[in-house]
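Have a look at run_21.cif below; it lists mmCIF, C-alpha atoms.
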```cif
data_work
loop_
_atom_site.label_atom_id
_atom_site.label_comp_id
_atom_site.auth_asym_id
_atom_site.auth_seq_id
_atom_site.Cartn_x
_atom_site.Cartn_y
_atom_site.Cartn_z
CA GLY A 256 29.94 81.26 -26.43
CA LYS A 257 32.37 84.01 -27.36
CA ARG A 258 35.50 84.10 -29.45
CA ILE A 259 38.20 86.61 -30.30
CA LEU A 260 37.93 88.05 -33.80
CA GLY A 261 40.08 90.40 -35.84
CA LEU A 262 38.77 93.89 -36.44
CA ALA A 263 40.22 96.71 -38.49
CA VAL A 264 39.48 100.40 -38.05
CA ILE A 265 40.11 102.17 -41.36
CA LEU A 266 40.65 105.94 -41.14
CA LYS A 267 41.09 108.49 -43.95
CA ASP A 268 42.15 112.14 -43.88
CA VAL A 269 42.50 112.33 -40.09
CA ASP A 270 45.07 114.72 -38.63
CA TYR A 271 46.59 112.64 -35.83
CA SER A 272 48.55 115.61 -34.52
CA ASN A 273 45.27 117.39 -33.79
CA PRO A 274 44.09 116.53 -30.23
CA ASP A 275 40.40 117.03 -31.11
CA GLU A 276 40.50 114.70 -34.10
CA LEU A 277 42.56 112.19 -32.16
CA ALA A 278 39.97 112.18 -29.39
CA ALA A 279 37.12 111.73 -31.88
CA CYS A 280 38.55 108.71 -33.68
CA CYS A 281 40.89 106.96 -31.34
CA PHE A 282 41.21 108.09 -27.73
CA GLU A 283 38.03 108.71 -25.74
CA ASN A 284 38.15 112.16 -24.08
CA HIS A 285 41.85 112.34 -24.90
CA THR A 286 42.81 115.99 -25.46
CA HIS A 287 46.55 115.82 -24.81
CA LEU A 288 49.05 113.63 -26.64
CA GLU A 289 50.91 112.84 -23.45
CA SER A 290 50.09 109.17 -22.98
CA THR A 291 48.14 106.58 -24.98
CA GLU A 292 48.21 103.57 -22.70
CA GLY A 293 44.97 101.60 -22.45
CA THR A 294 42.68 104.14 -24.08
CA MET A 295 42.51 103.33 -27.78
CA PHE A 296 39.11 102.69 -29.39
CA LYS A 297 37.39 102.39 -26.00
CA TRP A 298 34.23 103.81 -27.64
CA LEU A 299 33.74 100.47 -29.42
CA GLU A 300 32.94 98.89 -26.06
CA ASP A 301 29.72 100.94 -25.94
CA PHE A 302 28.10 98.51 -28.39
CA ASP A 303 26.02 95.75 -26.80
CA ASP A 304 27.61 92.72 -28.45
CA VAL A 305 31.22 93.78 -28.05
CA HIS A 306 32.79 92.27 -24.95
CA GLY A 307 36.10 92.73 -23.20
CA SER A 308 38.99 95.07 -23.77
CA MET A 309 39.98 96.51 -27.11
CA GLY A 310 43.45 96.13 -28.54
CA GLY A 311 45.69 93.21 -29.34
CA SER A 312 48.92 91.99 -27.81
CA GLN A 313 50.89 94.65 -29.71
CA PRO A 314 50.38 98.44 -29.62
CA THR A 315 49.32 100.24 -32.81
CA TRP A 316 51.70 102.39 -34.84
CA LEU A 317 49.98 105.49 -33.47
CA GLU A 318 50.67 104.50 -29.88
CA VAL A 319 54.29 103.61 -30.69
CA HIS A 320 54.83 106.87 -32.56
CA ILE A 321 53.30 109.14 -29.90
CA ASN A 322 55.10 107.40 -27.06
CA THR A 323 58.41 107.54 -28.97
CA LEU A 324 58.04 111.26 -29.62
CA ASN A 325 57.20 111.88 -25.98
CA GLY A 326 60.25 109.83 -24.98
CA MET A 327 62.41 112.03 -27.21
CA GLY A 328 61.05 115.14 -25.54
CA LEU A 329 59.20 116.22 -28.69
CA ASP A 330 55.63 117.54 -28.96
CA PRO A 331 53.32 115.13 -30.87
CA SER A 332 50.74 117.90 -31.28
CA ASP A 333 53.18 119.82 -33.47
CA ARG A 334 52.13 118.77 -36.99
CA THR A 335 55.62 119.24 -38.42
CA VAL A 336 57.13 117.08 -35.69
CA PHE A 337 54.43 114.40 -35.82
CA TYR A 338 54.63 113.74 -39.55
CA GLY A 339 58.27 114.71 -40.02
CA TYR A 340 59.48 112.00 -37.64
CA LEU A 341 57.10 109.28 -38.86
CA SER A 342 59.64 107.69 -41.20
CA ALA A 343 62.23 107.61 -38.42
CA THR A 344 59.98 106.00 -35.81
CA ILE A 345 57.73 103.76 -37.94
CA GLY A 346 59.36 103.52 -41.39
CA ALA A 347 61.52 100.49 -40.61
CA THR A 348 58.81 98.59 -38.72
CA PRO A 349 56.03 96.26 -39.95
CA TYR A 350 53.55 99.02 -39.09
CA SER A 351 54.69 100.98 -42.15
CA SER A 352 52.74 98.69 -44.48
CA SER A 353 49.44 99.87 -42.96
CA ILE A 354 50.07 103.60 -43.57
CA THR A 355 49.41 105.33 -46.89
CA CYS A 356 51.01 108.77 -47.00
CA ALA A 357 49.45 111.90 -48.49
CA ASP A 358 51.53 111.33 -51.64
CA GLY A 359 49.59 108.10 -52.28
CA LYS A 360 52.43 105.70 -51.46
CA LEU A 361 52.74 103.26 -48.60
CA LEU A 362 55.23 104.33 -45.97
CA ALA A 363 56.78 100.87 -46.40
CA ASP A 364 57.39 101.64 -50.09
CA GLY A 365 59.16 104.91 -49.42
CA GLY A 366 56.12 107.15 -49.18
CA ASP A 367 56.66 110.67 -47.85
CA CYS A 368 54.30 111.28 -44.91
CA SER A 369 55.68 114.71 -44.04
CA GLY A 370 52.58 116.19 -45.63
CA GLY A 371 50.20 113.96 -43.67
CA ILE A 372 48.56 110.54 -43.83
CA ASP A 373 45.92 109.65 -46.39
CA VAL A 374 44.64 106.25 -45.17
CA THR A 375 45.69 103.95 -42.37
CA GLU A 376 44.48 100.72 -40.80
CA PHE A 377 44.45 99.82 -37.12
CA PRO A 378 44.13 96.05 -36.63
CA ILE A 379 42.77 95.23 -33.18
CA MET A 380 41.06 92.30 -31.48
CA TYR A 381 37.68 92.09 -29.81
CA ALA A 382 35.45 89.48 -28.23
CA ILE A 383 31.98 88.87 -29.63
CA GLU A 384 29.33 86.17 -29.74
CA ASP A 385 30.43 83.09 -31.67
CA ASP A 386 27.95 83.70 -34.49
CA THR A 387 28.79 85.16 -37.89
CA ILE A 388 25.33 86.72 -38.26
CA LYS A 389 25.73 88.43 -34.89
CA VAL A 390 29.17 89.68 -35.94
CA HIS A 391 27.74 91.07 -39.17
CA GLU A 392 24.81 92.77 -37.43
CA THR A 393 27.12 94.31 -34.84
CA ALA A 394 29.43 95.65 -37.56
CA GLN A 395 26.43 97.20 -39.33
CA VAL A 396 25.35 98.90 -36.10
CA ILE A 397 28.89 100.17 -35.49
CA ASN A 398 28.98 101.64 -39.00
CA SER A 399 25.57 103.35 -38.88
CA GLY A 400 23.15 105.36 -36.82
CA GLY A 401 25.33 108.40 -36.09
CA LYS A 402 27.58 106.42 -33.73
CA ASP A 403 29.85 105.36 -36.58
CA LEU A 404 33.29 106.78 -37.27
CA ASP A 405 32.02 109.32 -39.79
CA GLY A 406 29.59 110.59 -37.15
CA ARG A 407 32.28 110.74 -34.48
CA LEU A 408 34.76 112.51 -36.73
CA ALA A 409 32.20 115.15 -37.77
CA ASN A 410 33.86 116.14 -41.07
CA LYS A 411 37.37 115.85 -39.62
CA GLY A 412 38.05 112.78 -41.70
CA SER A 413 36.17 109.58 -42.44
CA GLY A 414 36.36 105.91 -41.60
CA TYR A 415 34.66 102.60 -41.03
CA VAL A 416 35.08 99.38 -39.09
CA TYR A 417 35.81 96.16 -40.98
CA HIS A 418 35.73 92.62 -39.61
CA GLN A 419 37.43 89.57 -41.07
CA PHE A 420 34.23 87.51 -41.42
CA PHE A 421 32.29 90.15 -43.39
CA CYS A 422 31.63 87.91 -46.40
CA TYR A 423 30.43 85.01 -44.24
CA GLY A 424 28.31 87.22 -42.03
CA ALA A 425 26.70 88.98 -44.99
CA MET A 426 25.90 85.62 -46.62
CA ASP A 427 24.47 84.13 -43.41
CA ASP A 428 22.41 87.28 -42.88
CA ALA A 429 20.90 87.14 -46.38
CA MET A 430 20.41 83.37 -46.57
CA PRO A 431 17.16 82.97 -44.51
CA GLY A 432 15.27 85.40 -46.77
CA ALA A 433 16.72 83.87 -49.92
CA THR A 434 15.88 80.35 -48.72
CA LEU A 435 12.28 81.26 -47.87
CA SER A 436 11.82 82.98 -51.21
CA THR A 437 13.20 79.96 -53.09
CA LEU A 438 11.00 77.51 -51.17
CA LEU A 439 7.86 79.58 -51.80
CA TRP A 440 8.60 79.87 -55.52
CA ALA A 441 9.31 76.12 -55.71
CA LEU A 442 6.09 75.31 -53.83
CA GLY A 443 4.14 77.60 -56.13
CA ALA A 444 5.64 75.92 -59.19
CA VAL A 445 4.75 72.46 -57.85
CA LEU A 446 1.17 73.50 -57.08
CA MET A 447 0.70 75.11 -60.49
CA SER A 448 2.20 72.15 -62.37
CA LEU A 449 0.08 69.57 -60.53
CA ALA A 450 -3.06 71.67 -60.81
CA LEU A 451 -2.62 71.87 -64.58
CA ALA A 452 -1.57 68.21 -65.01
CA LEU A 453 -3.96 66.59 -62.52
CA ASP A 454 -6.48 68.51 -60.43
CA VAL A 455 -6.60 71.12 -57.66
CA LYS A 456 -7.18 68.59 -54.86
CA SER A 457 -4.12 66.53 -55.80
CA ALA A 458 -2.07 69.70 -56.13
CA ILE A 459 -3.04 70.84 -52.60
CA VAL A 460 -2.24 67.45 -51.04
CA SER A 461 1.11 67.30 -52.84
CA GLY A 462 1.87 70.89 -51.85
CA ILE A 463 1.24 70.09 -48.18
CA ILE A 464 3.57 67.09 -48.38
CA VAL A 465 6.34 69.17 -50.01
CA GLY A 466 5.86 71.89 -47.38
CA MET A 467 6.11 69.37 -44.54
CA ILE A 468 9.34 67.96 -46.00
CA ASP A 469 10.82 71.47 -46.14
CA VAL A 470 9.82 72.16 -42.53
CA GLU A 471 11.37 68.89 -41.38
CA LEU A 472 14.62 69.63 -43.22
CA VAL A 473 14.89 73.10 -41.68
CA ALA A 474 14.05 71.68 -38.25
CA LEU A 475 16.79 69.06 -38.60
CA MET A 476 19.30 71.72 -39.64
CA THR A 477 18.31 73.79 -36.60
CA ILE A 478 18.74 70.83 -34.25
CA TRP A 479 22.15 70.03 -35.72
CA ASP A 480 23.11 73.75 -35.81
CA ILE A 481 23.80 73.71 -39.55
CA LYS A 482 23.75 77.17 -41.14
CA LEU A 483 21.62 77.62 -44.24
CA ALA A 484 24.69 78.88 -46.10
#
```
Take the structure in this file and express it as C-alpha coordinates.
Amino acid sequence: GKRILGLAVILKDVDYSNPDELAACCFENHTHLESTEGTMFKWLEDFDDVHGSMGGSQPTWLEVHINTLNGMGLDPSDRTVFYGYLSATIGATPYSSSITCADGKLLADGGDCSGGIDVTEFPIMYAIEDDTIKVHETAQVINSGGKDLDGRLANKGSGYVYHQFFCYGAMDDAMPGATLSTLLWALGAVLMSLALALDVKSAIVSGIIVGMIDVELVALMTIWDIKLA
(Lines of atoms letter the chains of each structure in order from A and count residues from 1; the text may use other names and numbers.)
(Lines give C-alpha, C1' and ligand atoms only; values in the text may rest on other atoms or scores of the structure.)
Protein backbone atom coordinates (compact mmCIF):
# COMPACT_ATOMS: atom_id res chain seq x y z
CA GLY A 1 0.00 0.00 0.00
CA LYS A 2 0.88 3.67 0.01
CA ARG A 3 0.98 6.30 2.70
CA ILE A 4 1.56 10.04 2.91
CA LEU A 5 4.97 11.01 4.28
CA GLY A 6 6.59 14.30 5.16
CA LEU A 7 9.36 15.54 2.89
CA ALA A 8 11.55 18.60 3.19
CA VAL A 9 13.38 20.32 0.35
CA ILE A 10 16.38 22.18 1.78
CA LEU A 11 17.80 24.96 -0.41
CA LYS A 12 20.90 27.12 0.13
CA ASP A 13 22.12 30.24 -1.67
CA VAL A 14 19.27 30.34 -4.18
CA ASP A 15 18.15 33.72 -5.51
CA TYR A 16 14.36 33.37 -5.49
CA SER A 17 13.92 36.66 -7.33
CA ASN A 18 15.79 35.19 -10.30
CA PRO A 19 13.31 33.47 -12.67
CA ASP A 20 15.93 31.01 -13.96
CA GLU A 21 16.95 29.84 -10.50
CA LEU A 22 13.34 29.70 -9.41
CA ALA A 23 12.51 27.48 -12.37
CA ALA A 24 15.46 25.18 -11.65
CA CYS A 25 14.65 24.52 -8.01
CA CYS A 26 10.97 25.04 -7.52
CA PHE A 27 8.71 25.73 -10.50
CA GLU A 28 9.05 23.52 -13.57
CA ASN A 29 9.46 25.66 -16.72
CA HIS A 30 8.40 28.69 -14.70
CA THR A 31 10.14 31.78 -16.11
CA HIS A 32 7.82 34.51 -14.84
CA LEU A 33 6.92 35.20 -11.22
CA GLU A 34 3.31 35.89 -12.10
CA SER A 35 1.56 32.91 -10.55
CA THR A 36 2.69 29.92 -8.47
CA GLU A 37 -0.48 27.89 -8.16
CA GLY A 38 -0.10 24.13 -8.52
CA THR A 39 3.41 24.09 -9.94
CA MET A 40 5.82 23.73 -7.03
CA PHE A 41 8.29 20.83 -7.02
CA LYS A 42 6.47 19.05 -9.86
CA TRP A 43 9.85 17.64 -10.96
CA LEU A 44 9.77 15.28 -7.95
CA GLU A 45 6.90 13.41 -9.61
CA ASP A 46 9.32 12.21 -12.30
CA PHE A 47 10.70 9.61 -9.88
CA ASP A 48 9.18 6.15 -10.17
CA ASP A 49 8.16 5.58 -6.55
CA VAL A 50 6.68 9.01 -5.92
CA HIS A 51 2.93 9.03 -6.43
CA GLY A 52 0.31 11.74 -6.46
CA SER A 53 0.50 15.49 -6.25
CA MET A 54 3.20 17.42 -4.46
CA GLY A 55 2.43 19.97 -1.77
CA GLY A 56 0.55 19.92 1.48
CA SER A 57 -2.69 21.51 2.57
CA GLN A 58 -0.92 24.86 3.08
CA PRO A 59 1.09 26.85 0.53
CA THR A 60 4.81 27.42 1.13
CA TRP A 61 6.23 30.76 2.21
CA LEU A 62 7.54 31.29 -1.31
CA GLU A 63 4.09 30.92 -2.84
CA VAL A 64 2.55 33.22 -0.21
CA HIS A 65 5.27 35.84 -0.69
CA ILE A 66 5.13 35.89 -4.50
CA ASN A 67 1.35 35.97 -4.59
CA THR A 68 1.26 38.75 -1.97
CA LEU A 69 3.73 40.87 -3.94
CA ASN A 70 1.75 40.33 -7.12
CA GLY A 71 -1.42 41.32 -5.25
CA MET A 72 0.27 44.54 -4.16
CA GLY A 73 1.19 45.33 -7.74
CA LEU A 74 4.91 44.82 -7.06
CA ASP A 75 7.43 42.92 -9.21
CA PRO A 76 8.75 39.76 -7.46
CA SER A 77 11.62 39.55 -9.96
CA ASP A 78 13.01 42.81 -8.59
CA ARG A 79 15.58 41.61 -6.04
CA THR A 80 15.23 44.70 -3.86
CA VAL A 81 11.45 44.30 -3.75
CA PHE A 82 11.51 40.53 -3.21
CA TYR A 83 13.84 40.56 -0.22
CA GLY A 84 12.95 44.01 1.07
CA TYR A 85 9.31 43.05 1.62
CA LEU A 86 10.00 39.59 3.07
CA SER A 87 9.75 40.72 6.69
CA ALA A 88 6.45 42.46 5.97
CA THR A 89 4.80 39.51 4.22
CA ILE A 90 6.33 36.52 6.06
CA GLY A 91 7.99 37.89 9.21
CA ALA A 92 4.93 37.58 11.44
CA THR A 93 3.89 34.15 10.16
CA PRO A 94 4.97 30.62 11.21
CA TYR A 95 6.85 30.39 7.89
CA SER A 96 9.51 32.74 9.26
CA SER A 97 11.03 29.96 11.38
CA SER A 98 12.04 28.05 8.23
CA ILE A 99 14.01 30.94 6.66
CA THR A 100 17.61 31.77 7.57
CA CYS A 101 18.60 35.18 6.25
CA ALA A 102 21.96 36.07 4.70
CA ASP A 103 23.02 37.55 8.05
CA GLY A 104 22.84 34.07 9.61
CA LYS A 105 19.72 34.68 11.71
CA LEU A 106 16.28 33.16 11.40
CA LEU A 107 13.70 35.56 10.04
CA ALA A 108 11.60 34.60 13.08
CA ASP A 109 14.41 35.84 15.36
CA GLY A 110 14.67 39.22 13.69
CA GLY A 111 17.01 38.27 10.88
CA ASP A 112 17.50 40.81 8.09
CA CYS A 113 16.75 39.15 4.74
CA SER A 114 17.12 42.31 2.67
CA GLY A 115 20.48 40.98 1.53
CA GLY A 116 19.07 37.59 0.54
CA ILE A 117 18.29 34.17 2.01
CA ASP A 118 20.99 31.76 3.14
CA VAL A 119 19.03 28.54 3.82
CA THR A 120 15.36 27.68 3.77
CA GLU A 121 13.20 24.59 4.15
CA PHE A 122 10.07 23.72 2.20
CA PRO A 123 8.02 21.06 4.01
CA ILE A 124 5.73 19.22 1.60
CA MET A 125 3.86 15.93 1.49
CA TYR A 126 4.11 13.06 -0.96
CA ALA A 127 2.73 9.57 -1.40
CA ILE A 128 5.10 6.62 -1.57
CA GLU A 129 5.11 2.88 -1.00
CA ASP A 130 4.52 1.92 2.63
CA ASP A 131 8.05 0.61 3.10
CA THR A 132 10.87 2.44 4.87
CA ILE A 133 13.53 0.79 2.70
CA LYS A 134 11.70 1.92 -0.44
CA VAL A 135 11.45 5.44 0.99
CA HIS A 136 15.19 5.45 1.72
CA GLU A 137 16.10 4.14 -1.73
CA THR A 138 13.87 6.70 -3.42
CA ALA A 139 15.43 9.53 -1.41
CA GLN A 140 18.90 8.33 -2.44
CA VAL A 141 17.86 8.33 -6.10
CA ILE A 142 16.37 11.81 -5.77
CA ASN A 143 19.63 13.07 -4.25
CA SER A 144 21.97 11.51 -6.82
CA GLY A 145 22.57 10.76 -10.46
CA GLY A 146 22.49 14.30 -11.85
CA LYS A 147 18.74 14.61 -11.28
CA ASP A 148 19.24 15.91 -7.75
CA LEU A 149 18.82 19.51 -6.67
CA ASP A 150 22.51 20.33 -7.05
CA GLY A 151 22.34 19.06 -10.63
CA ARG A 152 19.18 21.03 -11.37
CA LEU A 153 20.52 24.23 -9.86
CA ALA A 154 23.78 24.00 -11.85
CA ASN A 155 25.91 26.16 -9.52
CA LYS A 156 23.04 28.57 -8.82
CA GLY A 157 22.76 27.31 -5.27
CA SER A 158 22.64 23.90 -3.65
CA GLY A 159 20.14 21.67 -1.92
CA TYR A 160 18.91 18.22 -1.03
CA VAL A 161 15.71 16.36 -0.21
CA TYR A 162 15.19 15.04 3.31
CA HIS A 163 12.50 12.64 4.49
CA GLN A 164 11.29 12.13 8.04
CA PHE A 165 12.05 8.39 8.15
CA PHE A 166 15.69 8.71 7.06
CA CYS A 167 17.14 7.02 10.15
CA TYR A 168 14.69 4.09 9.94
CA GLY A 169 15.15 3.68 6.20
CA ALA A 170 18.94 3.77 6.44
CA MET A 171 18.88 1.16 9.23
CA ASP A 172 16.46 -1.12 7.35
CA ASP A 173 18.57 -0.77 4.22
CA ALA A 174 21.79 -1.76 6.02
CA MET A 175 20.33 -4.51 8.21
CA PRO A 176 20.15 -7.42 5.67
CA GLY A 177 23.88 -7.17 4.92
CA ALA A 178 24.78 -6.78 8.59
CA THR A 179 22.57 -9.74 9.54
CA LEU A 180 24.08 -12.01 6.88
CA SER A 181 27.60 -11.03 7.89
CA THR A 182 26.85 -11.72 11.57
CA LEU A 183 25.29 -15.12 10.82
CA LEU A 184 28.24 -16.19 8.65
CA TRP A 185 30.77 -15.15 11.30
CA ALA A 186 28.75 -16.95 13.99
CA LEU A 187 28.49 -20.09 11.84
CA GLY A 188 32.21 -19.97 11.17
CA ALA A 189 32.94 -19.65 14.89
CA VAL A 190 30.69 -22.62 15.69
CA LEU A 191 32.31 -24.79 13.01
CA MET A 192 35.82 -23.87 14.13
CA SER A 193 35.07 -24.44 17.83
CA LEU A 194 33.45 -27.84 17.24
CA ALA A 195 36.16 -28.92 14.82
CA LEU A 196 38.82 -28.17 17.43
CA ALA A 197 36.86 -29.64 20.37
CA LEU A 198 35.37 -32.70 18.65
CA ASP A 199 35.95 -33.58 15.00
CA VAL A 200 35.24 -32.24 11.51
CA LYS A 201 32.22 -34.49 10.91
CA SER A 202 30.47 -33.36 14.10
CA ALA A 203 31.29 -29.76 13.28
CA ILE A 204 29.70 -30.05 9.80
CA VAL A 205 26.53 -31.69 11.14
CA SER A 206 26.20 -29.07 13.88
CA GLY A 207 26.86 -26.29 11.37
CA ILE A 208 24.08 -27.56 9.11
CA ILE A 209 21.66 -27.64 12.06
CA VAL A 210 22.57 -24.06 13.08
CA GLY A 211 22.18 -22.92 9.46
CA MET A 212 18.75 -24.53 9.18
CA ILE A 213 17.62 -22.82 12.39
CA ASP A 214 18.73 -19.45 11.00
CA VAL A 215 16.89 -20.06 7.72
CA GLU A 216 13.72 -21.02 9.59
CA LEU A 217 13.90 -17.90 11.77
CA VAL A 218 14.33 -15.61 8.75
CA ALA A 219 11.51 -17.42 6.95
CA LEU A 220 9.20 -16.94 9.93
CA MET A 221 10.08 -13.24 10.09
CA THR A 222 9.32 -12.93 6.38
CA ILE A 223 5.95 -14.64 6.77
CA TRP A 224 5.03 -12.40 9.70
CA ASP A 225 6.46 -9.31 7.92
CA ILE A 226 8.87 -8.52 10.76
CA LYS A 227 11.74 -6.25 9.72
CA LEU A 228 15.24 -7.37 10.63
CA ALA A 229 15.78 -4.07 12.43
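Applied to this file, the PyMOL selection byres ((chain A and resi 352) around 9) selects A:Gly346, A:Thr348, A:Pro349, A:Tyr350, A:Ser351, A:Ser353, A:Ile354, A:Thr355, A:Leu361, A:Leu362, A:Ala363, A:Asp364.
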Write the residues you've just listed into a file as a PDB file, in the frame of the given file, and include C-alpha atoms for each of them.
```pdb
ATOM      1  CA  GLY A 346      59.360 103.520 -41.390  1.00  0.00           C
ATOM      2  CA  THR A 348      58.810  98.590 -38.720  1.00  0.00           C
ATOM      3  CA  PRO A 349      56.030  96.260 -39.950  1.00  0.00           C
ATOM      4  CA  TYR A 350      53.550  99.020 -39.090  1.00  0.00           C
ATOM      5  CA  SER A 351      54.690 100.980 -42.150  1.00  0.00           C
ATOM      6  CA  SER A 353      49.440  99.870 -42.960  1.00  0.00           C
ATOM      7  CA  ILE A 354      50.070 103.600 -43.570  1.00  0.00           C
ATOM      8  CA  THR A 355      49.410 105.330 -46.890  1.00  0.00           C
ATOM      9  CA  LEU A 361      52.740 103.260 -48.600  1.00  0.00           C
ATOM     10  CA  LEU A 362      55.230 104.330 -45.970  1.00  0.00           C
ATOM     11  CA  ALA A 363      56.780 100.870 -46.400  1.00  0.00           C
ATOM     12  CA  ASP A 364      57.390 101.640 -50.090  1.00  0.00           C
TER      13      ASP A 364
END
```
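Atom CA of Met447 of chain A lies 14.8 Å from atom CA of Ile464 of chain A.
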Explicit residue set for the PyMOL selection byres ((chain A and resi 272) around 6), as a PyMOL selection string: chain A and resi 270-271+273+332+334
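In this structure, atom CA of Val269 of chain A sits 18.2 Å away from atom CA of Leu299 of chain A.
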For Val390 of chain A, the nearest of the candidates A:Ile463, A:Val336, A:Leu262, A:Ala441, counting all atoms listed in the file: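 Of A:Ile463, A:Val336, A:Leu262, A:Ala441, the one nearest Val390 of chain A, counting all atoms listed in the file, is A:Leu262.
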Top pick for closest residue to Ile265 of chain A, considering A:Val465, A:Leu451, A:Val374, A:Lys456 and counting all atoms listed in the file: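 Ranked by minimum distance to Ile265 of chain A, first place goes to A:Val374.
Closest approach to Lys267 of chain A from the set A:Thr477, A:Gln395, A:Ser461, A:Ser413 is made by A:Ser413, with distances taken over only C-alpha atoms.
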Test item: residues at most 7 Å from Tyr415 of chain A, all atoms listed in the file, excluding those fewer than 3 positions along its chain, as a PDB file with C-alpha atoms, keeping the file's coordinate frame:
```pdb
ATOM      1  CA  VAL A 264      39.480 100.400 -38.050  1.00  0.00           C
ATOM      2  CA  ILE A 265      40.110 102.170 -41.360  1.00  0.00           C
ATOM      3  CA  LEU A 266      40.650 105.940 -41.140  1.00  0.00           C
ATOM      4  CA  ASN A 398      28.980 101.640 -39.000  1.00  0.00           C
ATOM      5  CA  LEU A 404      33.290 106.780 -37.270  1.00  0.00           C
TER       6      LEU A 404
END
```
Option closest in space to Met426 of chain A, from A:Asp358, A:Asp367, A:Asp330, A:Leu483 [counting only C-alpha atoms]: A:Leu483
One-decimal distance in Å that lies between atom CA of Pro331 of chain A and atom CA of Lys297 of chain A: 21.0 Å
List the spatial neighbours of Leu324 of chain A as a PDB file with C-alpha atoms, in the frame of the given file - criterion: any atom at most 9 Å away, all atoms listed in the file, same-chain residues fewer than 4 positions off excluded.
```pdb
ATOM      1  CA  VAL A 319      54.290 103.610 -30.690  1.00  0.00           C
ATOM      2  CA  HIS A 320      54.830 106.870 -32.560  1.00  0.00           C
ATOM      3  CA  GLY A 328      61.050 115.140 -25.540  1.00  0.00           C
ATOM      4  CA  LEU A 329      59.200 116.220 -28.690  1.00  0.00           C
ATOM      5  CA  ASP A 330      55.630 117.540 -28.960  1.00  0.00           C
ATOM      6  CA  PRO A 331      53.320 115.130 -30.870  1.00  0.00           C
ATOM      7  CA  VAL A 336      57.130 117.080 -35.690  1.00  0.00           C
ATOM      8  CA  PHE A 337      54.430 114.400 -35.820  1.00  0.00           C
ATOM      9  CA  TYR A 340      59.480 112.000 -37.640  1.00  0.00           C
ATOM     10  CA  THR A 344      59.980 106.000 -35.810  1.00  0.00           C
TER      11      THR A 344
END
```
Among listed residues A:Ile345, A:Thr335, A:Val445, A:Ala263, nearest Glu318 of chain A (using all atoms listed in the file): A:Ile345
